[in-house]
file model_31.txt (compact mmCIF, C-alpha atoms)
# COMPACT_ATOMS: atom_id res chain seq x y z
CA MET T 1010 -5.77 -49.34 -67.56
CA SER T 1011 -6.60 -45.75 -66.52
CA ALA T 1012 -8.87 -47.04 -63.74
CA GLU T 1013 -6.04 -49.25 -62.51
CA LEU T 1014 -3.62 -46.31 -62.53
CA SER T 1015 -6.07 -44.12 -60.63
CA GLU T 1016 -6.48 -46.85 -58.02
CA ARG T 1017 -2.72 -46.97 -57.60
CA ALA T 1018 -2.40 -43.18 -57.48
CA SER T 1019 -5.23 -42.51 -55.02
CA PRO T 1020 -3.62 -44.24 -52.02
CA GLY T 1021 -0.46 -42.25 -52.68
CA LEU T 1022 -2.43 -39.01 -52.79
CA ALA T 1023 -4.34 -39.89 -49.64
CA SER T 1024 -1.09 -40.77 -47.92
CA ARG T 1025 0.48 -37.47 -48.92
CA ILE T 1026 -2.53 -35.53 -47.69
CA ALA T 1027 -2.52 -37.39 -44.36
CA GLU T 1028 1.21 -36.81 -43.96
CA ARG T 1029 0.77 -33.11 -44.74
CA LEU T 1030 -1.92 -32.80 -42.08
CA ILE T 1031 0.25 -34.56 -39.51
CA VAL T 1032 3.49 -32.73 -40.27
CA THR T 1033 1.85 -29.27 -40.43
CA PRO T 1034 -0.31 -28.81 -37.31
CA GLU T 1035 -1.68 -25.44 -38.48
CA ILE T 1036 -3.27 -27.05 -41.54
CA SER T 1037 -4.85 -29.86 -39.52
CA LEU T 1038 -6.15 -27.35 -36.94
CA VAL T 1039 -7.74 -25.12 -39.57
CA THR T 1040 -9.32 -28.18 -41.19
CA ALA T 1041 -10.70 -29.42 -37.86
CA LEU T 1042 -11.92 -25.93 -36.97
CA LEU T 1043 -13.78 -25.48 -40.26
CA LEU T 1044 -15.33 -28.95 -40.15
CA PHE T 1045 -16.56 -28.56 -36.57
CA ALA T 1046 -17.85 -25.04 -37.24
CA ALA T 1047 -19.78 -26.33 -40.26
CA VAL T 1048 -21.39 -29.08 -38.17
CA VAL T 1049 -22.39 -26.60 -35.46
CA GLU T 1050 -23.78 -24.15 -38.02
CA ILE T 1051 -25.94 -26.89 -39.53
CA ARG T 1052 -27.29 -27.77 -36.07
CA ASN T 1053 -27.63 -24.16 -34.91
CA PRO T 1054 -27.49 -21.36 -37.53
CA SER T 1055 -26.66 -18.78 -34.85
CA PHE T 1056 -23.05 -19.97 -34.58
CA PHE T 1057 -21.68 -17.65 -37.29
CA ARG T 1058 -23.49 -14.60 -35.95
CA TYR T 1059 -21.11 -11.74 -35.23
CA ASP T 1060 -22.02 -11.46 -31.56
CA ASN T 1061 -21.44 -15.18 -30.99
CA LEU T 1062 -18.06 -15.15 -32.74
CA ILE T 1063 -17.00 -12.11 -30.70
CA LEU T 1064 -18.14 -13.92 -27.55
CA VAL T 1065 -15.94 -16.90 -28.46
CA LEU T 1066 -12.89 -14.70 -29.12
CA LYS T 1067 -13.48 -12.66 -25.97
CA GLY T 1068 -13.59 -15.82 -23.86
CA ALA T 1069 -10.49 -17.21 -25.59
CA ALA T 1070 -8.39 -14.04 -25.18
CA PRO T 1071 -7.28 -14.50 -21.52
CA THR T 1072 -6.48 -18.15 -22.21
CA PHE T 1073 -4.37 -17.13 -25.19
CA VAL T 1074 -2.48 -14.56 -23.10
CA VAL T 1075 -1.40 -17.42 -20.81
CA ALA T 1076 -1.01 -20.00 -23.59
CA VAL T 1077 1.61 -17.96 -25.48
CA PRO T 1078 4.22 -17.95 -22.66
CA MET T 1079 3.21 -21.53 -21.81
CA ALA T 1080 4.20 -22.46 -25.37
CA PHE T 1081 7.54 -20.74 -24.78
CA VAL T 1082 8.23 -22.73 -21.62
CA LEU T 1083 7.21 -26.02 -23.24
CA ILE T 1084 9.41 -25.26 -26.25
CA GLY T 1085 12.21 -24.61 -23.76
CA GLY T 1086 11.75 -28.09 -22.31
CA GLY T 1087 9.79 -27.15 -19.18
CA ILE T 1088 6.22 -27.00 -17.92
CA ASP T 1089 4.33 -24.71 -15.55
CA LEU T 1090 1.32 -25.94 -13.60
CA SER T 1091 1.05 -22.85 -11.39
CA VAL T 1092 -0.42 -20.42 -13.93
CA GLY T 1093 -3.99 -20.63 -12.59
CA SER T 1094 -2.97 -19.72 -9.05
CA VAL T 1095 -0.55 -17.05 -10.27
CA SER T 1096 -3.35 -15.56 -12.35
CA ALA T 1097 -5.54 -15.31 -9.23
CA LEU T 1098 -2.63 -13.75 -7.32
CA ALA T 1099 -2.26 -10.97 -9.88
CA GLY T 1100 -5.96 -10.20 -9.88
CA VAL T 1101 -6.18 -10.09 -6.10
CA VAL T 1102 -2.98 -8.08 -5.52
CA THR T 1103 -3.97 -5.55 -8.17
CA ALA T 1104 -7.50 -5.27 -6.75
CA MET T 1105 -6.17 -4.76 -3.22
CA ALA T 1106 -3.82 -2.04 -4.47
CA LEU T 1107 -6.66 -0.32 -6.31
CA THR T 1108 -9.00 -0.36 -3.31
CA ALA T 1109 -6.15 1.17 -1.29
CA GLY T 1110 -6.23 4.15 -3.67
CA ILE T 1111 -3.12 3.34 -5.70
CA TRP T 1112 -3.04 4.67 -9.29
CA VAL T 1113 -4.18 2.08 -11.86
CA PRO T 1114 -0.87 1.67 -13.79
CA VAL T 1115 1.09 1.35 -10.53
CA ALA T 1116 -1.39 -1.20 -9.17
CA ILE T 1117 -1.02 -3.28 -12.33
CA ILE T 1118 2.77 -3.15 -12.08
CA ILE T 1119 2.56 -4.31 -8.45
CA GLY T 1120 0.38 -7.26 -9.47
CA LEU T 1121 2.73 -8.27 -12.29
CA ALA T 1122 5.79 -7.87 -10.05
CA ALA T 1123 4.29 -10.30 -7.52
CA CYS T 1124 3.83 -12.83 -10.31
CA ALA T 1125 7.36 -12.26 -11.61
CA LEU T 1126 8.73 -13.17 -8.16
CA ILE T 1127 6.81 -16.48 -8.25
CA GLY T 1128 8.15 -17.17 -11.74
CA LEU T 1129 11.67 -16.34 -10.60
CA ALA T 1130 11.37 -18.79 -7.70
CA ASN T 1131 10.04 -21.50 -10.04
CA GLY T 1132 12.87 -20.89 -12.47
CA VAL T 1133 15.64 -20.90 -9.87
CA LEU T 1134 14.38 -24.07 -8.21
CA THR T 1135 14.10 -25.77 -11.60
CA ALA T 1136 17.25 -24.54 -13.31
CA ARG T 1137 19.65 -24.17 -10.38
CA ALA T 1138 18.37 -26.57 -7.72
CA ARG T 1139 17.58 -29.19 -10.42
CA ILE T 1140 14.16 -29.98 -8.96
CA PRO T 1141 11.82 -31.30 -11.70
CA ALA T 1142 9.61 -28.55 -13.08
CA LEU T 1143 6.51 -30.69 -12.61
CA ILE T 1144 7.14 -30.86 -8.85
CA VAL T 1145 8.18 -27.23 -8.44
CA THR T 1146 5.22 -25.75 -10.29
CA LEU T 1147 2.75 -28.20 -8.74
CA GLY T 1148 3.96 -27.07 -5.33
CA ALA T 1149 3.67 -23.44 -6.45
CA LEU T 1150 0.09 -24.10 -7.57
CA TYR T 1151 -0.94 -25.00 -4.02
CA PHE T 1152 1.38 -22.53 -2.27
CA VAL T 1153 0.23 -19.49 -4.25
CA ARG T 1154 -3.43 -20.46 -4.02
CA GLY T 1155 -3.05 -20.74 -0.26
CA VAL T 1156 -1.41 -17.32 -0.10
CA VAL T 1157 -4.25 -15.80 -2.14
CA LEU T 1158 -6.91 -17.32 0.13
CA LEU T 1159 -5.06 -16.13 3.25
CA MET T 1160 -4.76 -12.60 1.85
CA THR T 1161 -8.48 -12.36 1.06
CA ASN T 1162 -10.00 -14.85 3.51
CA GLY T 1163 -11.72 -16.24 0.42
CA VAL T 1164 -13.70 -13.02 -0.15
CA GLN T 1165 -13.90 -11.14 -3.44
CA ILE T 1166 -12.42 -7.64 -3.57
CA PHE T 1167 -14.62 -4.87 -5.00
CA PRO T 1168 -15.62 -2.29 -6.14
CA LEU T 1169 -12.83 -1.51 -8.55
CA PRO T 1170 -12.45 1.90 -10.24
CA ASP T 1171 -13.94 2.52 -13.67
CA GLY T 1172 -10.52 3.46 -15.00
CA PHE T 1173 -9.43 -0.13 -14.35
CA ASN T 1174 -12.63 -1.88 -15.43
CA VAL T 1175 -12.59 -0.25 -18.86
CA ILE T 1176 -9.34 -2.07 -19.65
CA GLY T 1177 -11.21 -5.37 -19.90
CA GLN T 1178 -14.72 -4.15 -20.66
CA GLY T 1179 -13.99 -1.56 -23.35
CA SER T 1180 -14.03 -1.95 -27.12
CA LEU T 1181 -12.61 -0.25 -30.20
CA LEU T 1182 -14.66 -0.13 -33.40
CA GLN T 1183 -16.99 -2.79 -31.91
CA VAL T 1184 -14.04 -5.12 -31.28
CA PRO T 1185 -13.47 -5.90 -27.57
CA LEU T 1186 -10.17 -4.66 -26.20
CA LEU T 1187 -9.52 -8.16 -24.83
CA VAL T 1188 -9.38 -9.48 -28.40
CA LEU T 1189 -7.08 -6.66 -29.49
CA TYR T 1190 -4.73 -7.34 -26.57
CA GLY T 1191 -4.55 -10.98 -27.59
CA ILE T 1192 -3.77 -10.08 -31.21
CA ALA T 1193 -1.02 -7.65 -30.18
CA ILE T 1194 0.57 -10.15 -27.79
CA GLY T 1195 0.39 -12.88 -30.44
CA ILE T 1196 2.16 -10.75 -33.05
CA ILE T 1197 4.94 -9.71 -30.66
CA ALA T 1198 5.41 -13.27 -29.38
CA HIS T 1199 5.55 -14.69 -32.91
CA VAL T 1200 8.28 -12.24 -33.91
CA VAL T 1201 10.28 -13.04 -30.76
CA LEU T 1202 9.94 -16.82 -31.11
CA ALA T 1203 10.49 -17.06 -34.85
CA HIS T 1204 12.87 -14.22 -35.60
CA SER T 1205 14.93 -13.38 -32.50
CA THR T 1206 18.01 -14.76 -30.82
CA TYR T 1207 15.98 -15.39 -27.68
CA GLY T 1208 13.54 -17.60 -29.58
CA TYR T 1209 16.41 -19.53 -31.16
CA ARG T 1210 18.05 -20.07 -27.77
CA ALA T 1211 14.79 -21.23 -26.19
CA ARG T 1212 14.39 -23.85 -28.92
CA ALA T 1213 18.02 -24.91 -28.54
CA VAL T 1214 17.63 -25.35 -24.78
CA GLY T 1215 14.44 -27.36 -25.27
CA GLY T 1216 15.94 -29.52 -27.98
CA ASN T 1217 19.27 -30.39 -26.36
CA PRO T 1218 20.40 -28.49 -23.23
CA THR T 1219 23.89 -30.04 -23.33
CA ALA T 1220 24.49 -29.01 -26.93
CA ALA T 1221 23.09 -25.55 -26.19
CA ARG T 1222 25.47 -25.18 -23.25
CA ASN T 1223 28.40 -26.28 -25.40
CA ALA T 1224 27.38 -23.67 -27.97
CA GLY T 1225 27.80 -20.94 -25.35
CA ILE T 1226 24.13 -20.47 -24.39
CA ASN T 1227 23.48 -19.76 -20.71
CA VAL T 1228 20.92 -22.54 -20.27
CA SER T 1229 19.99 -21.69 -16.68
CA ARG T 1230 19.35 -18.05 -17.54
CA ILE T 1231 17.09 -18.98 -20.44
CA GLN T 1232 15.14 -21.48 -18.32
CA ILE T 1233 14.66 -18.99 -15.48
CA SER T 1234 13.53 -16.28 -17.89
CA LEU T 1235 10.95 -18.64 -19.41
CA TYR T 1236 9.32 -19.24 -16.02
CA VAL T 1237 9.31 -15.52 -15.26
CA LEU T 1238 7.71 -14.93 -18.67
CA THR T 1239 5.03 -17.54 -18.02
CA ALA T 1240 4.22 -16.12 -14.59
CA VAL T 1241 3.95 -12.58 -15.95
CA GLY T 1242 1.70 -13.82 -18.77
CA ALA T 1243 -0.53 -15.60 -16.27
CA GLY T 1244 -0.59 -12.44 -14.15
CA LEU T 1245 -1.58 -10.31 -17.12
CA ALA T 1246 -4.43 -12.70 -17.91
CA GLY T 1247 -5.57 -12.53 -14.28
CA ILE T 1248 -5.55 -8.73 -14.32
CA LEU T 1249 -7.50 -8.63 -17.58
CA THR T 1250 -10.04 -11.06 -16.16
CA SER T 1251 -10.44 -9.00 -12.98
CA SER T 1252 -10.92 -5.91 -15.10
CA TYR T 1253 -13.53 -7.68 -17.21
CA VAL T 1254 -15.63 -9.00 -14.29
CA GLY T 1255 -14.97 -6.00 -12.04
CA VAL T 1256 -13.74 -7.92 -8.97
CA GLY T 1257 -10.59 -9.48 -7.59
CA ASP T 1258 -11.66 -13.10 -7.19
CA PRO T 1259 -9.45 -15.43 -5.08
CA SER T 1260 -11.02 -18.46 -6.76
CA ALA T 1261 -10.19 -17.25 -10.27
CA GLY T 1262 -8.02 -19.43 -12.48
CA GLN T 1263 -8.88 -22.76 -10.86
CA GLY T 1264 -8.20 -25.46 -13.43
CA MET T 1265 -6.83 -22.91 -15.90
CA GLU T 1266 -3.49 -24.69 -16.19
CA LEU T 1267 -5.07 -27.82 -17.66
CA GLY T 1268 -7.03 -25.94 -20.30
CA VAL T 1269 -4.02 -23.82 -21.23
CA ILE T 1270 -1.65 -26.77 -21.56
CA ALA T 1271 -4.30 -28.64 -23.56
CA ALA T 1272 -4.68 -25.72 -25.98
CA VAL T 1273 -0.90 -25.40 -26.42
CA ILE T 1274 -0.48 -29.13 -27.08
CA VAL T 1275 -3.41 -29.15 -29.50
CA GLY T 1276 -1.71 -26.21 -31.22
CA GLY T 1277 1.26 -28.40 -32.12
CA THR T 1278 3.72 -27.58 -29.34
CA SER T 1279 5.64 -30.69 -28.32
CA LEU T 1280 5.77 -31.89 -24.73
CA PHE T 1281 9.38 -32.87 -25.45
CA GLY T 1282 10.56 -29.35 -26.25
CA ALA T 1283 11.95 -27.38 -29.23
CA VAL T 1284 8.80 -27.63 -31.39
CA GLY T 1285 5.94 -25.14 -31.38
CA SER T 1286 4.64 -21.89 -32.83
CA VAL T 1287 2.49 -18.94 -31.80
CA PRO T 1288 0.04 -19.29 -34.74
CA GLY T 1289 -0.45 -22.95 -33.83
CA THR T 1290 -1.07 -21.97 -30.22
CA ALA T 1291 -3.64 -19.39 -31.32
CA LEU T 1292 -5.44 -21.99 -33.42
CA GLY T 1293 -5.37 -24.47 -30.53
CA VAL T 1294 -6.94 -21.93 -28.17
CA VAL T 1295 -9.59 -20.94 -30.71
CA LEU T 1296 -10.38 -24.58 -31.55
CA LEU T 1297 -11.05 -25.49 -27.91
CA ALA T 1298 -13.09 -22.31 -27.43
CA VAL T 1299 -15.15 -23.10 -30.54
CA VAL T 1300 -15.67 -26.70 -29.37
CA THR T 1301 -16.93 -25.47 -25.99
CA ASN T 1302 -19.23 -22.90 -27.56
CA GLY T 1303 -20.42 -25.30 -30.25
CA LEU T 1304 -21.36 -28.01 -27.79
CA LEU T 1305 -23.40 -25.48 -25.81
CA LEU T 1306 -25.19 -24.30 -28.95
CA MET T 1307 -25.98 -27.91 -29.86
CA SER T 1308 -27.42 -28.42 -26.34
CA VAL T 1309 -24.84 -31.07 -25.51
CA SER T 1310 -24.34 -31.71 -21.80
CA PRO T 1311 -21.54 -29.50 -20.41
CA TYR T 1312 -20.11 -32.59 -18.72
CA PHE T 1313 -19.42 -34.02 -22.16
CA GLN T 1314 -17.00 -31.17 -22.79
CA PHE T 1315 -14.47 -32.84 -20.50
CA VAL T 1316 -14.74 -36.04 -22.54
CA VAL T 1317 -14.10 -34.12 -25.76
CA LEU T 1318 -11.22 -32.17 -24.20
CA GLY T 1319 -9.54 -35.34 -22.99
CA ALA T 1320 -9.92 -37.05 -26.36
CA VAL T 1321 -8.54 -34.02 -28.21
CA VAL T 1322 -5.50 -33.79 -25.95
CA VAL T 1323 -4.69 -37.50 -26.23
CA GLY T 1324 -5.10 -37.29 -30.00
CA ALA T 1325 -2.81 -34.24 -30.17
CA VAL T 1326 -0.11 -35.98 -28.14
CA GLY T 1327 -0.43 -39.06 -30.35
CA ILE T 1328 0.02 -36.93 -33.47
CA ASP T 1329 3.05 -35.30 -31.85
CA GLN T 1330 4.58 -38.74 -31.30
CA ILE T 1331 4.01 -39.65 -34.95
CA ARG T 1332 5.52 -36.33 -36.02
CA ARG T 1333 8.61 -36.92 -33.88
CA LYS T 1334 9.09 -40.44 -35.27
CA ARG T 1335 8.89 -39.15 -38.82
CA PHE T 1336 11.40 -36.41 -38.00
CA TRP T 1337 13.97 -38.80 -36.51
CA ARG T 1338 13.41 -41.27 -39.34
CA ARG T 1339 14.22 -38.58 -41.89
CA ALA T 1340 17.19 -37.35 -39.84
CA ALA T 1341 18.63 -40.88 -39.77
CA ARG T 1342 18.60 -41.14 -43.58
call {"tool": "encode", "arguments": {"input": "model_31.txt", "output": "structure tokens"}}
result
Amino acid sequence: MSAELSERASPGLASRIAERLIVTPEISLVTALLLFAAVVEIRNPSFFRYDNLILVLKGAAPTFVVAVPMAFVLIGGGIDLSVGSVSALAGVVTAMALTAGIWVPVAIIIGLAACALIGLANGVLTARARIPALIVTLGALYFVRGVVLLMTNGVQIFPLPDGFNVIGQGSLLQVPLLVLYGIAIGIIAHVVLAHSTYGYRARAVGGNPTAARNAGINVSRIQISLYVLTAVGAGLAGILTSSYVGVGDPSAGQGMELGVIAAVIVGGTSLFGAVGSVPGTALGVVLLAVVTNGLLLMSVSPYFQFVVLGAVVVGAVGIDQIRRKRFWRRAAR
């Protein structure tokens, strides 16, 4: 009798565990991260070495700086494909200002301001002109990249002053500054998204713009601000990358938008708006960085990384669909 009861109970337990993993993306991400890390460590014991883990976090930091505002814009019901080109724009503009003898903080502000103007244009065309965000930001991707190449003639800008390079190359207590920047941005963004009026309004706009408008929220203003935020985040990542490598590279950020969007989706942010979190985004970025690093340590062909990335993204979107169906099913009860 007890064996029969255990057989009946086990499917229920397994079902509850599976549902918990699906409904809570952070739990499923931590589980996947630990399992993959264990496999890599068995194949190559150098994975958990301090210098390798720091290398993974250092490489993930600029992606996270872009992924956080990308999560905001997706939660708000939009999407931004121009972040890679905008990132290159910030790095190049800042590098040109520095080589012209402009003070480092002022040069950084100039680079971020150029990105903010691109974000403002994206937001106005999307929110006011009602052009689909996919089209607007795809056009901006090519437009901004062309501007960057015209400004530099495709040539890297260097040398950059040491006072700028230390921003990306320095460390504090053996922890790279890039990692500390990412942690600080993540904490601030989490507080804003989860505990501020702005975060609530962004979710409301992404969930139901009509209802948000009826509730007195200025939907257009929120949408425009989200694109400005994303552009500034991309610009900051570009500046940090230029500081880390010591050059303003016009080819920087190519393909960045796909990796960033993939990390955000894997982190549990819905393509349909309203749903997402900063901790989930952080875990998504780290998971993809660990997968890339782990495959290299296991001597897997780098071309296979694209196969894994595509499978992970499709799986994440599929889980999001299941999550949404469960939500609406419960709401209908």
call {"tool": "closest_residue", "arguments": {"input": "model_31.txt", "among": "T:Ile1197, T:Ala1106, T:Ala1246, T:Ile1328", "to": "Gly1277 of chain T", "atoms": "all atoms listed in the file"}}
result
T:Ile1328
call {"tool": "residues_around", "arguments": {"input": "model_31.txt", "residues": "Arg1230 of chain T", "least_positions_apart": "5", "cutoff": "12 Å", "atoms": "only C-alpha atoms", "output": "VMD selection string"}}
result
chain T and resid 1085 1129 1132 to 1133 1135 to 1137 1207 1210 to 1211 1214 1218 1222 1225 1235 to 1237
call {"tool": "closest_atom_pairs", "arguments": {"input": "model_31.txt", "of": "segment 1024-1122 of chain T", "to": "segment 1262-1275 of chain T", "cutoff": "9 Å", "atoms": "only C-alpha atoms", "output": "CSV"}}
result
residue,atom,partner,partner_atom,distance
T:Pro1034,CA,T:Val1275,CA,8.4
T:Leu1038,CA,T:Val1275,CA,8.1
T:Thr1072,CA,T:Val1269,CA,6.3
T:Phe1073,CA,T:Val1269,CA,7.8
T:Val1075,CA,T:Val1269,CA,6.9
T:Ala1076,CA,T:Val1269,CA,5.4
T:Val1077,CA,T:Val1273,CA,7.9
T:Met1079,CA,T:Ile1270,CA,7.2
T:Ala1080,CA,T:Val1273,CA,6.0
T:Leu1083,CA,T:Val1273,CA,8.7
T:Ile1088,CA,T:Ile1270,CA,8.7
T:Asp1089,CA,T:Glu1266,CA,7.8
T:Leu1090,CA,T:Glu1266,CA,5.6
T:Ser1091,CA,T:Glu1266,CA,6.9
T:Val1092,CA,T:Glu1266,CA,5.7
T:Gly1093,CA,T:Gly1262,CA,4.2
T:Ser1094,CA,T:Gly1262,CA,6.1
T:Val1095,CA,T:Gly1262,CA,8.1
T:Ser1096,CA,T:Gly1262,CA,6.1
T:Ala1097,CA,T:Gly1262,CA,5.8
call {"tool": "closest_residue", "arguments": {"input": "model_31.txt", "among": "T:Met1307, T:Ala1213, T:Ile1036, T:Val1101", "to": "Asp1258 of chain T", "atoms": "all atoms listed in the file"}}
result
T:Val1101
call {"tool": "closest_residue", "arguments": {"input": "model_31.txt", "among": "T:Ala1070, T:Leu1126, T:Ala1041, T:Val1295", "to": "Ala1193 of chain T", "atoms": "all atoms listed in the file"}}
result
T:Ala1070
call {"tool": "residues_around", "arguments": {"input": "model_31.txt", "residues": "segment 1050-1062 of chain T", "least_positions_apart": "6", "cutoff": "10 Å", "atoms": "only C-alpha atoms", "output": "PyMOL selection string"}}
result
chain T and resi 1044+1068+1299+1302-1303+1306-1308
call {"tool": "write_last_selection", "arguments": {"input": "model_31.txt", "atoms": "C-alpha atoms", "output": "mmCIF file, in the coordinates of the input"}}
result
data_model
loop_
_atom_site.group_PDB
_atom_site.id
_atom_site.type_symbol
_atom_site.label_atom_id
_atom_site.label_comp_id
_atom_site.auth_asym_id
_atom_site.auth_seq_id
_atom_site.Cartn_x
_atom_site.Cartn_y
_atom_site.Cartn_z
ATOM 1 C CA LEU T 1044 -15.330 -28.950 -40.150
ATOM 2 C CA GLY T 1068 -13.590 -15.820 -23.860
ATOM 3 C CA VAL T 1299 -15.150 -23.100 -30.540
ATOM 4 C CA ASN T 1302 -19.230 -22.900 -27.560
ATOM 5 C CA GLY T 1303 -20.420 -25.300 -30.250
ATOM 6 C CA LEU T 1306 -25.190 -24.300 -28.950
ATOM 7 C CA MET T 1307 -25.980 -27.910 -29.860
ATOM 8 C CA SER T 1308 -27.420 -28.420 -26.340
#
call {"tool": "residues_around", "arguments": {"input": "model_31.txt", "residues": "Thr1290 of chain T", "least_positions_apart": "2", "cutoff": "6 Å", "atoms": "only C-alpha atoms", "output": "ChimeraX atom specification"}}
result
/T:1273,1276,1287-1288,1292-1293
call {"tool": "atom_distance", "arguments": {"input": "model_31.txt", "atom1": "atom CA of Pro1078 of chain T", "atom2": "atom CA of Gly1191 of chain T"}}
result
12.2 Å
call {"tool": "closest_residue", "arguments": {"input": "model_31.txt", "among": "T:Val1326, T:Ile1084, T:Val1048, T:Ala1149", "to": "Ile1231 of chain T", "atoms": "all atoms listed in the file"}}
result
T:Ile1084
call {"tool": "atom_distance", "arguments": {"input": "model_31.txt", "atom1": "atom CA of Val1156 of chain T", "atom2": "atom CA of Ile1176 of chain T"}}
result
26.0 Å
call {"tool": "atom_distance", "arguments": {"input": "model_31.txt", "atom1": "atom CA of Ala1224 of chain T", "atom2": "atom CA of Val1200 of chain T"}}
result
23.0 Å
call {"tool": "residues_around", "arguments": {"input": "model_31.txt", "residues": "Ile1248 of chain T", "least_positions_apart": "2", "cutoff": "8 Å", "atoms": "only C-alpha atoms", "output": "number ranges by chain"}}
result
T: 1096, 1099-1100, 1103, 1117, 1120, 1244-1246, 1250-1252
call {"tool": "closest_residue", "arguments": {"input": "model_31.txt", "among": "T:Phe1315, T:Tyr1253, T:Trp1112, T:Tyr1209", "to": "Lys1067 of chain T", "atoms": "all atoms listed in the file"}}
result
T:Tyr1253
call {"tool": "closest_residue", "arguments": {"input": "model_31.txt", "among": "T:Ala1220, T:Leu1249, T:Ala1283, T:Ala1240", "to": "Tyr1190 of chain T", "atoms": "all atoms listed in the file"}}
result
T:Leu1249
call {"tool": "residues_around", "arguments": {"input": "model_31.txt", "residues": "Ala1069 of chain T", "least_positions_apart": "6", "cutoff": "10 Å", "atoms": "only C-alpha atoms", "output": "list in words"}}
result
Ile1063, Leu1187, Val1188, Gly1191, Ala1291, Val1294, Val1295, Leu1296, Leu1297, Ala1298 and Val1299 of chain T
